[in-house]
Amino acid sequence: MKRFDLPEEIVKAAKKGMGYELYRALLFEYGKRGEKAFFYIKEGRVKKYRDFFVVIGEHEYIVDNDFCTCRDFQFNLKTRRPCAHIIAVKTAKLMHKYDEYDEYYVDFMVK
Ligand SMILES: [Zn+2]
């Protein structure tokens with residue numbers, strides 16, 4: 001199930017790269033969360049492991065499609081709207097702008 005598909009303006013802007021147009025589209029659609037998402041991508045904080053995407057914010061957050069482990073998503077947004085991490089992963093995927101690791105993130109969690 002893909003509840004949080006990005007609007008067309010963001011998809012279009014992402015095709016042109018990490019410019020002002022994308023920043024503006026994210027900010028317009030998602031406010032502060034969209035702005036945070038832009039900088040997560042720009043600062044290389046989006047990581048793709050074999051099992052999950054991970055975004056490095058204050059902590060490391062696991063993003064699995066339309067789910068994120070952060071408190072903002074679970075408590076403030078009550079899983080009804082995407083958090084900055086979900087927005088960042090979805091946008092980063094459009095541009096293949098993430099670091100990729102040929103490892104399972106879950107292997108780091110059990111250590
Ligand atoms: Zn999140």
# chains A, B, ... in the order shown; residues from 1 in each chain; ligands from 1

$ residues_near_ligand --ligand "ligand 1" --cutoff "10 Å" --atoms "only C-alpha atoms and all ligand atoms" --output "list in words"
Arg33, Ala37, Val54, Val55, Gly57, Glu60, Tyr61, Ile62, Val63, Asp66, Phe67, Cys68, Thr69, Cys70, Arg71, Asp72, Phe73, Gln74, Leu77, Thr79, Pro82, Cys83, Ala84, His85, Ile86, Ile87, Ala88 and Val89 of chain A

$ write_last_selection --atoms "C-alpha atoms" --output "short mmCIF file (atom, residue, chain, number, x, y, z; two decimals), in the first residue's frame"
data_model
loop_
_atom_site.label_atom_id
_atom_site.label_comp_id
_atom_site.auth_asym_id
_atom_site.auth_seq_id
_atom_site.Cartn_x
_atom_site.Cartn_y
_atom_site.Cartn_z
CA ARG A 33 8.81 18.56 7.30
CA ALA A 37 13.49 16.31 4.02
CA VAL A 54 17.51 4.68 7.10
CA VAL A 55 17.56 8.44 7.66
CA GLY A 57 18.47 12.67 12.00
CA GLU A 60 18.62 6.81 13.06
CA TYR A 61 15.14 6.24 11.73
CA ILE A 62 14.04 3.24 9.72
CA VAL A 63 11.73 3.98 6.82
CA ASP A 66 4.86 4.34 4.27
CA PHE A 67 6.14 3.69 7.77
CA CYS A 68 8.80 5.34 9.91
CA THR A 69 10.06 4.56 13.39
CA CYS A 70 10.23 8.21 14.52
CA ARG A 71 8.04 9.72 17.22
CA ASP A 72 6.82 12.49 14.94
CA PHE A 73 5.23 9.97 12.61
CA GLN A 74 3.76 7.77 15.30
CA LEU A 77 1.07 12.57 12.77
CA THR A 79 0.72 7.60 10.94
CA PRO A 82 4.27 11.40 6.15
CA CYS A 83 7.10 12.59 8.40
CA ALA A 84 10.27 14.29 7.13
CA HIS A 85 12.03 10.91 6.89
CA ILE A 86 9.39 9.30 4.70
CA ILE A 87 9.31 12.41 2.48
CA ALA A 88 13.11 12.36 2.27
CA VAL A 89 13.25 8.69 1.27
#

$ residues_around --residues "A:Ala25" --least-positions-apart "6" --cutoff "10 Å" --atoms "only C-alpha atoms" --output "compact mmCIF listing (two decimals) with C-alpha atoms, in the first residue's frame"
# COMPACT_ATOMS: atom_id res chain seq x y z
CA PRO A 7 2.49 15.02 -5.63
CA GLU A 8 3.34 15.67 -9.27
CA GLU A 9 5.03 19.04 -8.54
CA ILE A 10 7.64 17.31 -6.39
CA VAL A 11 8.18 14.48 -8.86
CA LYS A 12 8.71 17.03 -11.63
CA ALA A 13 11.03 19.22 -9.59
CA ALA A 14 13.08 16.21 -8.44
CA GLY A 31 5.92 22.77 5.35
CA GLY A 34 9.35 19.05 3.59
CA GLU A 35 12.14 21.51 4.26
CA PHE A 38 15.30 18.45 1.46

$ atom_distance --atom1 "atom CA of A:His59" --atom2 "atom CA of A:Lys15"
28.9 Å

$ closest_residue --among "A:Lys48, A:Arg24, A:Lys78, A:Lys32" --to "A:Asp99" --atoms "only C-alpha atoms"
A:Lys48

$ closest_residue --among "A:Val110, A:Met18, A:Tyr98, A:Tyr104" --to "A:Ile56" --atoms "only C-alpha atoms"
A:Tyr98

$ residues_around --residues "A:Asp107" --least-positions-apart "2" --cutoff "12 Å" --atoms "only C-alpha atoms" --output "list in words"
Tyr49, Arg50, Asp51, Phe52, Asp102, Glu103, Tyr104, Tyr105, Met109, Val110 and Lys111 of chain A

$ write_last_selection --atoms "N, CA and C atoms" --output "PDB file, in the first residue's frame"
ATOM      1  N   TYR A  49      19.867   0.394   2.806  1.00  0.00           N
ATOM      2  CA  TYR A  49      20.402  -0.927   3.132  1.00  0.00           C
ATOM      3  C   TYR A  49      19.607  -1.961   2.355  1.00  0.00           C
ATOM      4  N   ARG A  50      20.013  -3.230   2.447  1.00  0.00           N
ATOM      5  CA  ARG A  50      19.307  -4.258   1.675  1.00  0.00           C
ATOM      6  C   ARG A  50      17.875  -4.444   2.144  1.00  0.00           C
ATOM      7  N   ASP A  51      17.631  -4.181   3.409  1.00  0.00           N
ATOM      8  CA  ASP A  51      16.283  -4.398   3.933  1.00  0.00           C
ATOM      9  C   ASP A  51      15.459  -3.116   4.103  1.00  0.00           C
ATOM     10  N   PHE A  52      16.126  -2.010   4.499  1.00  0.00           N
ATOM     11  CA  PHE A  52      15.383  -0.784   4.774  1.00  0.00           C
ATOM     12  C   PHE A  52      16.150   0.445   4.306  1.00  0.00           C
ATOM     13  N   ASP A 102      25.521  -2.637   0.838  1.00  0.00           N
ATOM     14  CA  ASP A 102      25.166  -4.018   0.526  1.00  0.00           C
ATOM     15  C   ASP A 102      25.142  -4.847   1.814  1.00  0.00           C
ATOM     16  N   GLU A 103      24.378  -4.348   2.773  1.00  0.00           N
ATOM     17  CA  GLU A 103      24.302  -4.987   4.091  1.00  0.00           C
ATOM     18  C   GLU A 103      22.872  -4.870   4.596  1.00  0.00           C
ATOM     19  N   TYR A 104      22.546  -5.690   5.577  1.00  0.00           N
ATOM     20  CA  TYR A 104      21.226  -5.608   6.188  1.00  0.00           C
ATOM     21  C   TYR A 104      21.298  -4.717   7.417  1.00  0.00           C
ATOM     22  N   TYR A 105      20.427  -3.730   7.468  1.00  0.00           N
ATOM     23  CA  TYR A 105      20.423  -2.838   8.630  1.00  0.00           C
ATOM     24  C   TYR A 105      20.092  -3.609   9.905  1.00  0.00           C
ATOM     25  N   MET A 109      21.270  -3.740  14.206  1.00  0.00           N
ATOM     26  CA  MET A 109      20.349  -3.525  15.314  1.00  0.00           C
ATOM     27  C   MET A 109      20.490  -4.574  16.406  1.00  0.00           C
ATOM     28  N   VAL A 110      20.861  -5.801  16.033  1.00  0.00           N
ATOM     29  CA  VAL A 110      20.911  -6.875  17.018  1.00  0.00           C
ATOM     30  C   VAL A 110      22.235  -6.911  17.776  1.00  0.00           C
ATOM     31  N   LYS A 111      23.214  -6.119  17.333  1.00  0.00           N
ATOM     32  CA  LYS A 111      24.523  -6.126  18.002  1.00  0.00           C
ATOM     33  C   LYS A 111      24.472  -5.409  19.345  1.00  0.00           C
TER      34      LYS A 111
END

$ select_by_dssp --residues "stretch 11-75 of chain A" --states "alpha helix (DSSP H)" --output "ChimeraX atom specification"
/A:11-15,20-30,32-42,71

$ select_by_dssp --residues "chain A" --states "strand (DSSP E or B)" --output "list of chain:residue names"
A:Val46, A:Lys47, A:Lys48, A:Phe53, A:Val54, A:Val55, A:Ile56, A:Glu60, A:Tyr61, A:Ile62, A:Val63, A:Asp64, A:Phe67, A:Cys68, A:Asp99, A:Glu100

$ closest_residue --among "A:Glu100, A:Thr91, A:Phe53, A:Asn76" --to "A:Phe39" --atoms "only C-alpha atoms"
A:Thr91

$ atom_distance --atom1 "atom CA of A:Arg3" --atom2 "atom CA of A:Lys16"
24.4 Å
